[in-house]
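Enquirer: One structure follows; several queries about it will come next.
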Amino acid sequence: MRSSDFPFTQEASDQVRSLGYSLDDLIGKTSFKSVRGRAAERVGGAISGSIPERRASSDVGHLTELLSYPLARVMVSCLQDPLLLRRYALAEAKLAFKRMHEADVNLVLLAGDLGLHPQGSGPLKLYFAEYIRAAHRMHSPNWKLTNRDLKGGYLTVTEEELKRLLQEQVRERVLRALPLSVDESVCERLSEYLNPLRADLEALKARKRVDLGKIEQGAFPPCIKKMLSDAAKGINLAHTARFALVSFLLQINMTAEEVVALFNTSPDFDEEKTRYQVEHIAGASGTKYRPPACATMATYGNCPGEDDLCRKVRHPLSYYERRIRSLQQSSEVRK
Ligand code: SF4
């Protein structure tokens with residue numbers, strides 16, 4: 001297991017420090033051109049969806065891989081975009097997850113660096129507090145503590161589950177100190193790399209922008225507006241919020257395709273899984289679901305507070321219908 005494969009670890013960071021190169025060296029010296037290229041490739045990979053694997057077979061190759069990580073962090077910080085930060089952290093975590101499947105990886109050692117201490121061989125035992133810390137953002141019911149076999153403070157995880165938990169730990173670690181505070185002059189010196197990345201990022205955001213067409217967004221209730229705004233910012237919605245948002249949009253006649261596109265900015269967007277979930281709510285299995293009533297929305301923390309109309313309705317769809325009606329009436333009055 002080489003630290004250049006997992007450049008976010010403490011060991012890798014110590015190694016970078018002991019090499020003694022300065023940021024000025026990395027961005028200025030001709031001998032580090034390949035490091036700059038690979039750093040830009042890491043960031044470009046985050047924009048396009050995945051960082052390409054580069055199998056280093058020489059010491060120079062390992063050094064490039066190792067040093068490209070801190071420089072990539074500088075580059076994403078220069079670009080100053082919250083969506084990119086989240087995509088970058090996820091892309092690094094996914095690359096690490098792939099590499100965890102290599103034969104020479106010491107998973108227990110890697111886990112220890114990332115704050116998890118699995119015990120035993122075969123089914124691994126994990127202390128429940130560590131498990132909760134690592135699994136709290138996992139949405140699938142399988143990860144819920146109540147669905148786990150908990151004995152004496154420990155629960156068991158398979159090796160594959162541990163890798164998935166480590167991926168999440170990596171994502172959080174990569175994201176933790178970002179954005180770095182980077183001097184403007186450093187960003188300027190990197191403009192040869194940053195300008196094309198900025199253009200790619202803008203193109204990505206333009207592709208993800210969803211036009212709701214004839215649907216009256218101005219008539220949406222506060223709960224739906226908040227969820228849409230969170231989704232657009234790339235914030236992961238809780239399962240109950242996702243269900244409420246998807247079922248609401250389908251009820252007001254958005255197509256499943258349009259709803260899937262809405263989640264494109266989500267940092268862990270999985271198109272196939274999202275399509276399956278949306279189509280299921282749309283009625284592919286025979287039942288077309290309605291969004292929950294206001295009382296249920298409030299129970300799950302999905303009601304952000306009431307405006308005047310909220311106090312008169314019991315369902316987000318009633319809110320929307322009443323707003324639409326009053327918008328239509330006021331446009332008739334103006335005619
Ligand atoms: S009261 Fe109902 S419609 Fe209004 S924000 Fe809450 S859940 Fe949405």
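Ligands are numbered from 1 in the order shown, chains are lettered A, B, ... in the order of the structure tokens, and residues start at 1 in each chain.
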Compile the contact shell of region 320-328 of chain A as a ChimeraX atom specification: residues with an atom at most 12 Å away, counting only C-alpha atoms, same-chain residues fewer than 3 positions apart removed.

Expert: /A:214-225,248-249,251-252,308-310,312-317,331-335

Enquirer: Which residues, written as a PyMOL selection string, have at least one atom at most 10 Å from region 92-105 of chain A, with only C-alpha atoms counted and residues fewer than 4 positions away on the same chain left out?

Expert: chain A and resi 1-2+5-8+42-43+45-46+49-53+69+87-88+109-110+160+163-175+268

Enquirer: Can you list, as an NGL selection string, every protein, DNA or RNA residue that comes within 10 Å of region 184-197 of chain A when you count only C-alpha atoms, leaving out same-chain residues fewer than 4 positions away?

Expert: :A and (23-24 or 27-28 or 36-37 or 39-41 or 43-45 or 47 or 74-79 or 201-203)

Enquirer: Grab the residues selected above and save them as an mmCIF file, in the first residue's frame with C-alpha atoms.

Expert:
```cif
data_model
loop_
_atom_site.group_PDB
_atom_site.id
_atom_site.type_symbol
_atom_site.label_atom_id
_atom_site.label_comp_id
_atom_site.auth_asym_id
_atom_site.auth_seq_id
_atom_site.Cartn_x
_atom_site.Cartn_y
_atom_site.Cartn_z
ATOM 1 C CA LEU A 23 3.991 25.714 -2.965
ATOM 2 C CA ASP A 24 6.167 28.086 -4.954
ATOM 3 C CA ILE A 27 3.501 26.056 -9.191
ATOM 4 C CA GLY A 28 6.697 27.480 -10.665
ATOM 5 C CA ARG A 36 0.412 20.571 -12.027
ATOM 6 C CA GLY A 37 -1.080 18.588 -14.905
ATOM 7 C CA ALA A 39 -3.594 18.222 -10.054
ATOM 8 C CA ALA A 40 -5.685 19.866 -12.790
ATOM 9 C CA GLU A 41 -6.756 16.395 -13.931
ATOM 10 C CA VAL A 43 -10.096 18.778 -10.371
ATOM 11 C CA GLY A 44 -11.292 18.234 -13.955
ATOM 12 C CA GLY A 45 -12.264 14.684 -12.982
ATOM 13 C CA ILE A 47 -16.185 18.301 -12.578
ATOM 14 C CA VAL A 74 -5.175 24.706 -3.863
ATOM 15 C CA MET A 75 -6.804 24.719 -7.311
ATOM 16 C CA VAL A 76 -10.323 23.915 -6.049
ATOM 17 C CA SER A 77 -9.899 26.623 -3.424
ATOM 18 C CA CYS A 78 -8.992 29.151 -6.134
ATOM 19 C CA LEU A 79 -12.163 28.267 -8.047
ATOM 20 C CA LEU A 201 -17.494 24.109 -14.342
ATOM 21 C CA GLU A 202 -19.721 26.779 -15.872
ATOM 22 C CA ALA A 203 -20.693 24.389 -18.688
#
```

Enquirer: Would you list the contacts of Ala231 (chain A) as a PyMOL selection string, taking every protein, DNA or RNA residue within 8 Å and counting only C-alpha atoms, but skipping same-chain residues closer than 2 positions in sequence?

Expert: chain A and resi 227-229+233-237+262-263+265-266

Enquirer: Find the residue from A:Thr156, A:Ala244, A:Gly283, A:Ser330 that sits nearest to ligand 1; use only C-alpha atoms and all ligand atoms when measuring.

Expert: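 Distance minimum relative to ligand 1 lands on A:Ala244.
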